[in-house]
file upload.txt (compact mmCIF, C-alpha atoms and all ligand atoms)
# COMPACT_ATOMS: atom_id res chain seq x y z
CA MET A 1290 14.25 -3.51 7.98
CA LYS A 1291 13.56 -6.31 10.38
CA ILE A 1292 10.66 -7.18 12.66
CA ILE A 1293 11.68 -7.22 16.33
CA GLY A 1294 8.34 -7.36 18.16
CA THR A 1295 4.72 -8.35 17.65
CA GLY A 1296 1.47 -7.93 19.55
CA ALA A 1297 -2.28 -8.43 19.15
CA ALA A 1298 -5.57 -7.77 20.91
CA HIS A 1299 -9.05 -9.11 20.30
CA PRO A 1300 -12.40 -7.98 21.74
CA LYS A 1301 -13.91 -10.12 24.50
CA CYS A 1302 -17.28 -10.78 22.80
CA ALA A 1303 -17.05 -14.04 20.81
CA VAL A 1304 -19.93 -14.47 18.36
CA THR A 1305 -20.38 -18.06 17.23
CA ASN A 1306 -22.18 -19.17 14.08
CA GLU A 1307 -24.93 -20.59 16.29
CA MET A 1308 -25.46 -17.13 17.81
CA LEU A 1309 -25.96 -15.71 14.30
CA GLU A 1310 -28.58 -18.36 13.55
CA LYS A 1311 -30.79 -16.66 16.15
CA PHE A 1312 -31.36 -13.53 14.06
CA LEU A 1313 -30.19 -14.41 10.53
CA GLU A 1314 -31.37 -16.95 8.00
CA THR A 1315 -28.09 -18.83 8.16
CA ASN A 1316 -26.55 -21.85 9.81
CA ASP A 1317 -23.23 -23.11 11.11
CA GLU A 1318 -22.94 -25.66 8.30
CA TRP A 1319 -23.23 -23.04 5.52
CA ILE A 1320 -20.78 -20.63 7.15
CA THR A 1321 -18.26 -23.34 8.01
CA GLU A 1322 -18.37 -24.94 4.56
CA ARG A 1323 -18.16 -21.67 2.57
CA THR A 1324 -15.75 -19.75 4.80
CA GLY A 1325 -14.19 -21.95 7.49
CA ILE A 1326 -15.25 -19.38 10.10
CA LYS A 1327 -16.64 -20.77 13.37
CA GLU A 1328 -16.62 -17.58 15.44
CA ARG A 1329 -15.50 -13.98 15.33
CA ARG A 1330 -14.72 -11.38 18.03
CA VAL A 1331 -16.86 -8.26 17.87
CA ILE A 1332 -16.40 -4.96 19.67
CA SER A 1333 -18.97 -4.38 22.43
CA SER A 1334 -17.82 -2.18 25.31
CA GLU A 1335 -14.24 -1.73 24.03
CA LYS A 1336 -12.97 1.18 21.99
CA LEU A 1337 -10.87 0.28 18.97
CA GLY A 1338 -8.18 2.73 20.09
CA ASP A 1339 -7.83 0.92 23.42
CA MET A 1340 -7.40 -2.43 21.69
CA ALA A 1341 -4.80 -0.88 19.41
CA VAL A 1342 -2.95 0.36 22.51
CA ILE A 1343 -2.91 -3.15 24.03
CA ALA A 1344 -1.51 -4.61 20.79
CA ALA A 1345 1.06 -1.79 20.53
CA ASN A 1346 2.26 -2.20 24.13
CA LYS A 1347 2.64 -5.95 23.68
CA ALA A 1348 4.71 -5.41 20.53
CA LEU A 1349 6.91 -2.85 22.31
CA GLU A 1350 7.45 -5.23 25.23
CA ASP A 1351 8.30 -8.06 22.83
CA ALA A 1352 10.82 -5.77 21.11
CA ASN A 1353 12.33 -4.74 24.48
CA LEU A 1354 11.63 -1.11 23.65
CA THR A 1355 9.56 1.63 25.24
CA ALA A 1356 7.33 4.19 23.52
CA ALA A 1357 10.17 6.72 23.90
CA ASP A 1358 12.31 4.63 21.50
CA ILE A 1359 9.75 4.89 18.69
CA ASP A 1360 10.45 7.52 15.99
CA TYR A 1361 7.36 7.03 13.84
CA ILE A 1362 3.97 5.35 14.11
CA ILE A 1363 1.99 4.03 11.14
CA CYS A 1364 -1.58 2.97 11.84
CA SER A 1365 -3.51 1.00 9.24
CA ASN A 1366 -7.25 1.52 9.68
CA VAL A 1367 -10.28 1.55 7.40
CA VAL A 1368 -12.89 2.80 9.84
CA ASN A 1369 -13.24 3.75 13.49
CA GLU A 1370 -15.49 6.01 15.49
CA TYR A 1371 -13.41 9.09 14.66
CA VAL A 1372 -12.99 10.53 11.19
CA THR A 1373 -10.52 12.93 12.71
CA PRO A 1374 -8.17 12.88 14.59
CA ALA A 1375 -6.39 9.93 13.05
CA LEU A 1376 -6.37 6.77 15.17
CA SER A 1377 -2.58 6.93 15.30
CA CYS A 1378 -2.82 10.27 17.19
CA ILE A 1379 -5.03 8.64 19.83
CA ILE A 1380 -2.70 5.65 20.12
CA GLN A 1381 0.40 7.86 20.35
CA GLY A 1382 -0.93 9.71 23.40
CA LYS A 1383 -2.15 6.58 25.15
CA ILE A 1384 1.13 4.70 24.83
CA GLY A 1385 3.11 7.82 25.79
CA ALA A 1386 5.04 8.25 22.52
CA THR A 1387 5.97 11.69 21.19
CA CYS A 1388 6.94 10.91 17.58
CA PRO A 1389 5.00 11.85 14.42
CA THR A 1390 2.25 9.50 13.34
CA VAL A 1391 0.19 8.78 10.26
CA ASP A 1392 -2.88 6.69 9.40
CA ILE A 1393 -3.09 4.79 6.14
CA ASN A 1394 -5.99 3.03 4.47
CA ALA A 1395 -4.99 0.30 2.05
CA ALA A 1396 -7.88 -1.86 3.29
CA CYS A 1397 -6.99 -5.43 4.21
CA ALA A 1398 -3.55 -5.12 2.58
CA GLY A 1399 -2.63 -2.29 5.00
CA PHE A 1400 -0.01 -4.19 6.99
CA ILE A 1401 2.11 -4.83 3.90
CA PHE A 1402 1.70 -1.24 2.68
CA ALA A 1403 2.81 -0.11 6.16
CA LEU A 1404 5.87 -2.38 6.05
CA ASP A 1405 6.78 -0.85 2.68
CA MET A 1406 6.48 2.70 4.08
CA ALA A 1407 8.55 1.72 7.10
CA GLU A 1408 11.27 0.27 4.87
CA ASP A 1409 11.52 3.59 2.99
CA LYS A 1410 11.70 5.64 6.24
CA LEU A 1411 14.44 3.36 7.60
CA LYS A 1412 16.38 3.34 4.32
CA CYS A 1413 16.57 7.13 4.17
CA LYS A 1414 17.46 7.21 7.89
CA LYS A 1415 14.43 9.26 8.87
CA ALA A 1416 13.62 6.80 11.64
CA LYS A 1417 15.29 4.00 13.58
CA ASN A 1418 12.37 2.24 15.26
CA ILE A 1419 8.87 2.24 13.77
CA LEU A 1420 5.66 0.99 15.34
CA ILE A 1421 3.05 -0.39 12.94
CA ILE A 1422 -0.45 -0.93 14.30
CA CYS A 1423 -3.33 -2.36 12.31
CA ALA A 1424 -6.63 -1.78 14.11
CA GLU A 1425 -9.93 -2.56 12.49
CA GLU A 1426 -13.62 -2.80 13.28
CA PRO A 1427 -15.31 -3.99 10.07
CA SER A 1428 -18.27 -5.18 12.17
CA ARG A 1429 -19.36 -1.51 12.10
CA MET A 1430 -19.38 -1.35 8.28
CA VAL A 1431 -21.69 -4.27 7.54
CA SER A 1432 -25.44 -4.57 7.91
CA TRP A 1433 -26.18 -7.17 10.58
CA LYS A 1434 -29.30 -7.99 8.59
CA ASN A 1435 -27.23 -9.08 5.58
CA ARG A 1436 -26.15 -12.71 5.95
CA SER A 1437 -23.86 -12.46 2.91
CA THR A 1438 -21.49 -10.02 4.61
CA CYS A 1439 -21.87 -9.80 8.39
CA VAL A 1440 -20.92 -13.45 9.00
CA LEU A 1441 -17.49 -12.87 7.44
CA PHE A 1442 -15.96 -10.15 9.60
CA GLY A 1443 -14.59 -9.61 13.09
CA ASP A 1444 -12.73 -6.83 14.91
CA GLY A 1445 -9.21 -6.73 16.31
CA ALA A 1446 -5.75 -5.20 16.37
CA GLY A 1447 -2.26 -6.41 15.52
CA ALA A 1448 1.07 -4.60 15.85
CA ALA A 1449 4.72 -4.97 14.91
CA VAL A 1450 7.87 -3.04 15.77
CA VAL A 1451 10.41 -2.77 12.96
CA THR A 1452 13.94 -1.47 13.02
CA GLU A 1453 16.98 -1.20 10.72
CA GLY A 1454 18.00 -4.49 9.16
CA ASP A 1455 18.39 -6.40 5.94
CA GLU A 1456 15.60 -8.90 6.48
CA LEU A 1457 13.07 -7.60 3.95
CA LYS A 1458 13.98 -9.65 0.88
CA SER A 1459 11.35 -8.55 -1.63
CA MET A 1460 8.16 -6.50 -1.76
CA ARG A 1461 5.33 -6.05 -4.24
CA LEU A 1462 2.33 -3.74 -3.91
CA THR A 1463 -0.48 -3.25 -6.41
CA THR A 1464 -3.58 -1.10 -6.70
CA SER A 1465 -6.12 -1.58 -9.46
CA SER A 1466 -9.08 0.74 -9.27
CA LEU A 1467 -11.87 -1.79 -9.04
CA THR A 1468 -14.07 0.01 -6.61
CA GLU A 1469 -17.45 -1.56 -7.28
CA VAL A 1470 -16.69 -5.07 -5.99
CA LEU A 1471 -16.20 -3.99 -2.38
CA TYR A 1472 -17.04 -0.62 -0.86
CA TYR A 1473 -18.55 1.19 2.08
CA GLN A 1474 -19.76 4.77 1.80
CA ARG A 1475 -19.57 7.14 4.74
CA GLN A 1476 -22.54 9.42 5.49
CA LEU A 1477 -21.40 13.04 5.55
CA GLU A 1478 -23.21 16.02 7.05
CA PRO A 1479 -25.73 17.66 4.76
CA THR A 1480 -25.09 21.23 3.61
CA PRO A 1481 -27.54 23.76 2.12
CA TYR A 1482 -25.67 23.41 -1.20
CA ILE A 1483 -25.62 19.68 -1.85
CA ASP A 1484 -27.70 19.02 -4.95
CA LYS A 1485 -26.38 15.62 -5.97
CA GLU A 1486 -28.04 12.36 -5.09
CA GLU A 1487 -26.34 10.56 -2.22
CA ASN A 1488 -27.05 6.97 -1.20
CA PHE A 1489 -25.59 5.54 1.92
CA GLU A 1490 -25.61 1.85 2.47
CA PRO A 1491 -23.67 -0.66 4.53
CA LEU A 1492 -20.74 -2.57 3.06
CA VAL A 1493 -21.42 -3.74 -0.50
CA MET A 1494 -19.55 -6.81 -1.69
CA LYS A 1495 -19.64 -8.97 -4.80
CA GLY A 1496 -18.35 -12.03 -3.00
CA ARG A 1497 -17.57 -14.25 -5.96
CA GLU A 1498 -15.64 -11.53 -7.81
CA VAL A 1499 -13.67 -10.69 -4.69
CA PHE A 1500 -12.87 -14.37 -4.26
CA LYS A 1501 -11.51 -14.67 -7.81
CA HIS A 1502 -9.43 -11.49 -7.61
CA ALA A 1503 -8.08 -12.52 -4.22
CA VAL A 1504 -6.83 -15.90 -5.39
CA THR A 1505 -5.48 -14.77 -8.79
CA ASN A 1506 -3.68 -11.71 -7.45
CA SER A 1507 -2.26 -13.38 -4.35
CA CYS A 1508 -0.82 -16.28 -6.37
CA ARG A 1509 0.74 -13.84 -8.85
CA ASP A 1510 2.17 -11.62 -6.08
CA ILE A 1511 3.60 -14.55 -4.15
CA ARG A 1512 5.30 -16.01 -7.22
CA LYS A 1513 6.81 -12.59 -8.00
CA VAL A 1514 8.18 -11.94 -4.50
CA LEU A 1515 9.57 -15.47 -4.28
CA GLY A 1516 11.28 -15.00 -7.66
CA GLU A 1517 12.73 -11.62 -6.66
CA ALA A 1518 14.07 -13.10 -3.43
CA GLY A 1519 15.59 -16.02 -5.35
CA LEU A 1520 13.49 -18.52 -3.38
CA LYS A 1521 11.26 -21.47 -4.15
CA ALA A 1522 8.02 -22.22 -2.30
CA GLU A 1523 9.78 -25.08 -0.46
CA ASP A 1524 12.33 -22.63 1.05
CA VAL A 1525 9.54 -20.84 2.93
CA LYS A 1526 8.68 -21.80 6.51
CA TYR A 1527 5.26 -20.14 6.60
CA PHE A 1528 2.96 -18.42 4.12
CA VAL A 1529 1.16 -15.87 6.28
CA LEU A 1530 -1.90 -15.10 4.16
CA HIS A 1531 -4.78 -12.69 4.65
CA GLN A 1532 -7.42 -14.40 6.78
CA ALA A 1533 -10.62 -13.67 4.83
CA ASN A 1534 -11.93 -17.13 4.07
CA LYS A 1535 -10.43 -20.61 4.55
CA ARG A 1536 -11.47 -21.51 1.00
CA ILE A 1537 -9.45 -18.59 -0.38
CA ILE A 1538 -6.47 -19.66 1.74
CA ASP A 1539 -6.81 -23.28 0.53
CA SER A 1540 -7.13 -22.23 -3.13
CA ILE A 1541 -3.95 -20.14 -2.94
CA ARG A 1542 -2.16 -22.99 -1.15
CA ASN A 1543 -3.26 -25.51 -3.80
CA PHE A 1544 -2.18 -23.28 -6.71
CA LEU A 1545 1.23 -22.85 -5.09
CA GLY A 1546 1.48 -26.55 -4.25
CA VAL A 1547 2.28 -25.98 -0.57
CA ASP A 1548 1.39 -28.40 2.28
CA GLU A 1549 -1.17 -27.42 4.84
CA GLU A 1550 1.29 -27.16 7.78
CA ARG A 1551 3.08 -24.26 6.13
CA VAL A 1552 -0.05 -22.13 5.72
CA PRO A 1553 -1.19 -21.24 9.25
CA HIS A 1554 -4.68 -19.85 9.82
CA ASN A 1555 -6.87 -18.47 12.58
CA VAL A 1556 -9.80 -17.26 10.43
CA GLU A 1557 -11.91 -19.96 12.10
CA ARG A 1558 -11.57 -18.08 15.43
CA TYR A 1559 -11.53 -14.43 14.36
CA GLY A 1560 -13.17 -14.11 10.93
CA ASN A 1561 -11.77 -11.43 8.64
CA ILE A 1562 -10.22 -8.66 10.77
CA SER A 1563 -9.03 -6.72 7.74
CA SER A 1564 -5.46 -5.40 7.92
CA ALA A 1565 -5.09 -6.63 11.52
CA ALA A 1566 -5.25 -10.26 10.32
CA LEU A 1567 -1.60 -10.54 9.24
CA PRO A 1568 0.11 -9.00 12.30
CA ALA A 1569 -2.30 -10.86 14.63
CA LEU A 1570 -1.48 -14.20 13.00
CA LEU A 1571 2.23 -13.38 13.00
CA ASP A 1572 1.97 -12.60 16.71
CA GLU A 1573 0.40 -16.02 17.34
CA LEU A 1574 3.24 -17.77 15.51
CA ASN A 1575 5.80 -15.69 17.39
CA ARG A 1576 4.29 -16.28 20.84
CA GLU A 1577 3.76 -19.99 20.21
CA GLY A 1578 7.51 -20.25 19.53
CA LYS A 1579 6.96 -21.44 15.96
CA LEU A 1580 9.41 -18.96 14.40
CA GLU A 1581 13.16 -19.38 14.39
CA LYS A 1582 15.86 -16.91 13.41
CA GLY A 1583 16.52 -17.26 9.68
CA ASP A 1584 13.04 -18.61 8.79
CA LYS A 1585 11.74 -17.24 5.50
CA LEU A 1586 8.18 -15.96 5.71
CA VAL A 1587 5.89 -14.86 2.89
CA PHE A 1588 3.14 -12.34 3.68
CA SER A 1589 0.32 -11.80 1.21
CA ALA A 1590 -2.91 -9.83 1.49
CA PHE A 1591 -5.66 -8.31 -0.66
CA GLY A 1592 -8.42 -5.85 0.01
CA ALA A 1593 -10.92 -3.29 -1.22
CA GLY A 1594 -9.59 -1.00 -3.87
CA PHE A 1595 -8.50 -3.52 -5.16
CA THR A 1596 -5.20 -3.46 -3.26
CA THR A 1597 -2.73 -6.30 -2.93
CA GLY A 1598 0.62 -6.69 -1.27
CA ALA A 1599 3.15 -9.45 -0.73
CA CYS A 1600 6.65 -9.64 0.65
CA VAL A 1601 9.34 -12.05 1.77
CA ILE A 1602 10.79 -11.48 5.24
CA GLU A 1603 13.51 -13.33 7.06
CA TRP A 1604 12.62 -13.79 10.73
CA ALA A 1605 15.27 -12.03 12.83
CA LYS A 1606 14.34 -12.63 16.47
N1 LIG B 1701 -25.99 -18.32 5.17
C1 LIG B 1701 -26.74 -19.01 4.31
N2 LIG B 1701 -26.82 -18.74 3.01
C2 LIG B 1701 -26.12 -17.70 2.57
C3 LIG B 1701 -25.32 -16.90 3.40
C4 LIG B 1701 -25.29 -17.25 4.76
N3 LIG B 1701 -24.55 -16.56 5.65
N4 LIG B 1701 -24.74 -15.94 2.67
C5 LIG B 1701 -25.15 -16.11 1.41
N5 LIG B 1701 -25.99 -17.15 1.33
C6 LIG B 1701 -26.67 -17.69 0.16
C7 LIG B 1701 -26.84 -16.67 -0.93
O1 LIG B 1701 -27.99 -15.90 -0.68
C8 LIG B 1701 -27.00 -17.55 -2.14
O2 LIG B 1701 -28.31 -18.02 -2.20
P1 LIG B 1701 -29.11 -18.13 -3.60
O3 LIG B 1701 -28.30 -19.09 -4.42
O4 LIG B 1701 -30.42 -18.61 -3.19
O5 LIG B 1701 -29.08 -16.73 -4.16
C9 LIG B 1701 -26.10 -18.75 -1.84
O6 LIG B 1701 -25.86 -18.71 -0.43
C10 LIG B 1701 -24.78 -18.74 -2.59
O7 LIG B 1701 -24.23 -17.46 -2.48
P2 LIG B 1701 -22.85 -17.07 -3.13
O8 LIG B 1701 -22.57 -15.64 -2.83
O9 LIG B 1701 -22.82 -17.48 -4.55
O10 LIG B 1701 -21.88 -18.04 -2.30
P3 LIG B 1701 -20.32 -18.24 -2.43
O11 LIG B 1701 -20.02 -19.69 -2.52
O12 LIG B 1701 -19.68 -17.33 -3.43
O13 LIG B 1701 -19.81 -17.77 -0.98
C11 LIG B 1701 -18.78 -15.89 0.08
C12 LIG B 1701 -20.04 -16.45 -0.57
C13 LIG B 1701 -19.04 -14.45 0.45
C14 LIG B 1701 -18.46 -16.70 1.34
C15 LIG B 1701 -17.57 -15.99 -0.91
O14 LIG B 1701 -17.97 -15.52 -2.17
C16 LIG B 1701 -16.39 -15.23 -0.42
O15 LIG B 1701 -15.80 -15.54 0.59
N6 LIG B 1701 -15.93 -14.21 -1.18
C17 LIG B 1701 -14.82 -13.37 -0.78
C18 LIG B 1701 -15.26 -12.39 0.26
C19 LIG B 1701 -14.10 -11.70 0.95
O16 LIG B 1701 -13.10 -12.30 1.22
N7 LIG B 1701 -14.27 -10.40 1.25
C20 LIG B 1701 -13.31 -9.63 1.95
C21 LIG B 1701 -12.13 -9.28 1.10
S1 LIG B 1701 -10.91 -8.44 2.01

call {"tool": "encode", "arguments": {"input": "upload.txt", "output": "C-alpha cells"}}
result
Amino acid sequence: MKIIGTGAAHPKCAVTNEMLEKFLETNDEWITERTGIKERRVISSEKLGDMAVIAANKALEDANLTAADIDYIICSNVVNEYVTPALSCIIQGKIGATCPTVDINAACAGFIFALDMAEDKLKCKKAKNILIICAEEPSRMVSWKNRSTCVLFGDGAGAAVVTEGDELKSMRLTTSSLTEVLYYQRQLEPTPYIDKEENFEPLVMKGREVFKHAVTNSCRDIRKVLGEAGLKAEDVKYFVLHQANKRIIDSIRNFLGVDEERVPHNVERYGNISSAALPALLDELNREGKLEKGDKLVFSAFGAGFTTGACVIEWAK
C-alpha cells in the first residue's frame, strides 16, 4: 500500500492550562513540565462525526479522489455519542460514499491497526482505494474533576487515503491483555435480570505504569520494524510517534538515540487525541511540505488494552 492523501480537523474550543487552573487544583507549570501540553482542543458545539467528515474530505482532496473512488472505509474510534450505528456509517453517508465500512477500536494504536487491515484488503485485491479515519473524543471519557487525567486529553480527527503500492516496508502489532492500567466502562441500560454488581466510573488510568509500558513497548516495536525493513534509525526522516506526553516522546527518542528534529510533535497544542494523533501529525508534516517522495517514516503508537503498533512507510507523494 501507499498513502496518497491526508487530512485533519480539530474542534474550535482551545482549552489552555490556565483555563484549567480556574476549576482544578493544577497549574500550567505542573502540566507543562510533566506532559509538555500547553492546550488541547475540546468538542463543544461540534459533533465528532462532522469533524471526521472534514478530515475525510481533506484527505480525499489531497489524494485527488472523490468519495465514489473509495472501496472501503475503516474508522478508528474508541467512543462517540452513538454506540450504534458505527461512526463509519455516519461518515460514509455524509461524504457521499457507497462502499462498505467498519469501525475498529484498538485505542490509541488504531491508525496503525487500520493501516494493517488496509494492507491486507489491498493485497487480496478486495479494494483499490481505502479511506482511514481516526476520530476521537476522549474528553468525554474523563472526569473533569480529576486533574490526573482530564488535563492530558483533547478531541480531533485525522484521515488518510491509501491505495495499492509497495511503500509499506514493515509492520508490527501487539496486544497484551493488561486491562487494569487504562480503562473506561460504559453504562448500559438496566434490565430486570441483572444481579451482578456494576460500577461505572470515568476513565481510570495508572499513569506511571502506562508511561513505562509506552516507552518500553514503543522502543521494542520501532527496533523490530527498522530491523525488518533493513534500516537504521539514521535512515529515517521522521519518527511519527503517538502524541500522549512530550516526556514519553523524549524518552523514546533518547533510547533510540535520535535528534530532536526528526521526532516532530504537536502534543503541546492538541494534547492526546488518541488514534487521531498520528494521522493528524502526518497531515501537518504533509501540508507544511516537510515530506519528500522516498522519505522513510516510522509510525509508532500505544494505547489501552495494552495495544501497540509500529510500521515503516516510504512516503510516496
Ligand atoms: N496538576 C497538579 N498535580 C497533579 C496533577 C495535575 N494536573 N495530576 C497529578 N498531580 C499530582 C498527583 O496527585 C501526585 O501528587 P501526590 O504526590 O501528592 O500524590 C503528583 O502530582 C505526582 O503524580 P504522578 O502520577 O506520580 O505524576 P507523574 O510524574 O507520573 O505524571 C502523568 C503523571 C499522568 C503525566 C504521567 O504518569 C503520564 O503521562 N503517564 C502516561 C499517561 C498516558 O500517556 N496515557 C494515555 C495512554 S494512550

call {"tool": "closest_atom_pairs", "arguments": {"input": "upload.txt", "of": "range 1435-1549 of chain A", "to": "range 1572-1594 of chain A", "cutoff": "6 Å", "atoms": "all atoms listed in the file", "output": "CSV"}}
result
residue,atom,partner,partner_atom,distance
A:Ser1466,CA,A:Gly1594,CA,5.7
A:Leu1467,CA,A:Gly1594,CA,5.7
A:Thr1468,CA,A:Gly1594,CA,5.3
A:Leu1471,CA,A:Ala1593,CA,5.5
A:Val1525,CA,A:Lys1585,CA,4.9
A:Lys1526,CA,A:Lys1585,CA,5.6
A:Tyr1527,CA,A:Leu1586,CA,5.2
A:Phe1528,CA,A:Val1587,CA,4.8
A:Val1529,CA,A:Phe1588,CA,4.8
A:Leu1530,CA,A:Ser1589,CA,5.0
A:His1531,CA,A:Ala1590,CA,4.7

call {"tool": "atom_distance", "arguments": {"input": "upload.txt", "atom1": "CA of Glu1550 in chain A", "atom2": "CA of Ala1298 in chain A"}}
result
24.4 Å

call {"tool": "residues_near_ligand", "arguments": {"input": "upload.txt", "ligand": "ligand LIG 1701 (chain B)", "cutoff": "7 Å", "atoms": "all atoms listed in the file", "output": "VMD selection string"}}
result
chain A and resid 1314 to 1316 1319 to 1320 1323 to 1324 1397 1436 to 1438 1440 1496 to 1497 1499 to 1500 1533 to 1534 1563 1591 to 1593

call {"tool": "atom_distance", "arguments": {"input": "upload.txt", "atom1": "CA of Glu1425 in chain A", "atom2": "CA of Leu1492 in chain A"}}
result
14.3 Å

call {"tool": "closest_residue", "arguments": {"input": "upload.txt", "among": "A:Ile1483, A:Ala1599, A:Ala1449, A:Leu1309", "to": "Lys1513 in chain A", "atoms": "all atoms listed in the file"}}
result
A:Ala1599

call {"tool": "residues_around", "arguments": {"input": "upload.txt", "residues": "Asn1306 in chain A", "least_positions_apart": "3", "cutoff": "6 Å", "atoms": "only C-alpha atoms", "output": "list in words"}}
result
Leu1309, Asp1317, Lys1327 and Glu1328 of chain A

call {"tool": "write_last_selection", "arguments": {"input": "upload.txt", "atoms": "C-alpha atoms", "output": "PDB file, in the coordinates of the input"}}
result
ATOM      1  CA  LEU A1309     -25.960 -15.710  14.300  1.00  0.00           C
ATOM      2  CA  ASP A1317     -23.230 -23.110  11.110  1.00  0.00           C
ATOM      3  CA  LYS A1327     -16.640 -20.770  13.370  1.00  0.00           C
ATOM      4  CA  GLU A1328     -16.620 -17.580  15.440  1.00  0.00           C
TER       5      GLU A1328
END

call {"tool": "atom_distance", "arguments": {"input": "upload.txt", "atom1": "CA of Phe1312 in chain A", "atom2": "CA of Gly1445 in chain A"}}
result
23.3 Å

call {"tool": "residues_around", "arguments": {"input": "upload.txt", "residues": "Ile1401 in chain A", "least_positions_apart": "3", "cutoff": "9 Å", "atoms": "all atoms listed in the file", "output": "list of chain:residue names"}}
result
A:Ala1395, A:Ala1398, A:Leu1404, A:Asp1405, A:Met1406, A:Met1460, A:Arg1461, A:Leu1462, A:Ser1564, A:Leu1567, A:Phe1588, A:Ser1589, A:Ala1590, A:Thr1597, A:Gly1598, A:Ala1599, A:Cys1600

call {"tool": "write_last_selection", "arguments": {"input": "upload.txt", "atoms": "C-alpha atoms", "output": "PDB file, in the coordinates of the input"}}
result
ATOM      1  CA  ALA A1395      -4.990   0.300   2.050  1.00  0.00           C
ATOM      2  CA  ALA A1398      -3.550  -5.120   2.580  1.00  0.00           C
ATOM      3  CA  LEU A1404       5.870  -2.380   6.050  1.00  0.00           C
ATOM      4  CA  ASP A1405       6.780  -0.850   2.680  1.00  0.00           C
ATOM      5  CA  MET A1406       6.480   2.700   4.080  1.00  0.00           C
ATOM      6  CA  MET A1460       8.160  -6.500  -1.760  1.00  0.00           C
ATOM      7  CA  ARG A1461       5.330  -6.050  -4.240  1.00  0.00           C
ATOM      8  CA  LEU A1462       2.330  -3.740  -3.910  1.00  0.00           C
ATOM      9  CA  SER A1564      -5.460  -5.400   7.920  1.00  0.00           C
ATOM     10  CA  LEU A1567      -1.600 -10.540   9.240  1.00  0.00           C
ATOM     11  CA  PHE A1588       3.140 -12.340   3.680  1.00  0.00           C
ATOM     12  CA  SER A1589       0.320 -11.800   1.210  1.00  0.00           C
ATOM     13  CA  ALA A1590      -2.910  -9.830   1.490  1.00  0.00           C
ATOM     14  CA  THR A1597      -2.730  -6.300  -2.930  1.00  0.00           C
ATOM     15  CA  GLY A1598       0.620  -6.690  -1.270  1.00  0.00           C
ATOM     16  CA  ALA A1599       3.150  -9.450  -0.730  1.00  0.00           C
ATOM     17  CA  CYS A1600       6.650  -9.640   0.650  1.00  0.00           C
TER      18      CYS A1600
END

call {"tool": "closest_atom_pairs", "arguments": {"input": "upload.txt", "of": "range 1421-1508 of chain A", "to": "range 1363-1385 of chain A", "cutoff": "7 Å", "atoms": "all atoms listed in the file", "output": "CSV"}}
result
residue,atom,partner,partner_atom,distance
A:Ile1421,CA,A:Ile1363,CA,4.9
A:Ile1422,CA,A:Cys1364,CA,4.7
A:Cys1423,CA,A:Ser1365,CA,4.6
A:Ala1424,CA,A:Asn1366,CA,5.6
A:Glu1425,CA,A:Asn1366,CA,5.6
A:Glu1426,CA,A:Asn1369,CA,6.6

call {"tool": "axis_aligned_box", "arguments": {"input": "upload.txt", "around": "range 1515-1520 of chain A", "padding_each_side": "4 Å", "output": "lines of an AutoDock Vina configuration file"}}
result
center_x = 12.6
center_y = -15.1
center_z = -5.5
size_x = 14.0
size_y = 14.9
size_z = 12.3

call {"tool": "closest_residue", "arguments": {"input": "upload.txt", "among": "A:Gly1546, A:Asp1524, A:Ala1348, A:Asn1435", "to": "Val1493 in chain A", "atoms": "only C-alpha atoms"}}
result
A:Asn1435

call {"tool": "residues_around", "arguments": {"input": "upload.txt", "residues": "Ile1359 in chain A", "least_positions_apart": "3", "cutoff": "12 Å", "atoms": "only C-alpha atoms", "output": "VMD selection string"}}
result
chain A and resid 1345 to 1346 1348 to 1349 1352 to 1356 1362 to 1363 1381 1384 to 1390 1415 to 1421 1449 to 1452

call {"tool": "closest_residue", "arguments": {"input": "upload.txt", "among": "A:Asp1455, A:Asp1539, A:Glu1307, A:Asp1360", "to": "Pro1553 in chain A", "atoms": "all atoms listed in the file"}}
result
A:Asp1539

call {"tool": "residues_around", "arguments": {"input": "upload.txt", "residues": "Ser1459 in chain A", "least_positions_apart": "5", "cutoff": "8 Å", "atoms": "all atoms listed in the file", "output": "list in words"}}
result
Val1514, Leu1515, Glu1517, Ala1518, Cys1600, Val1601 and Ile1602 of chain A
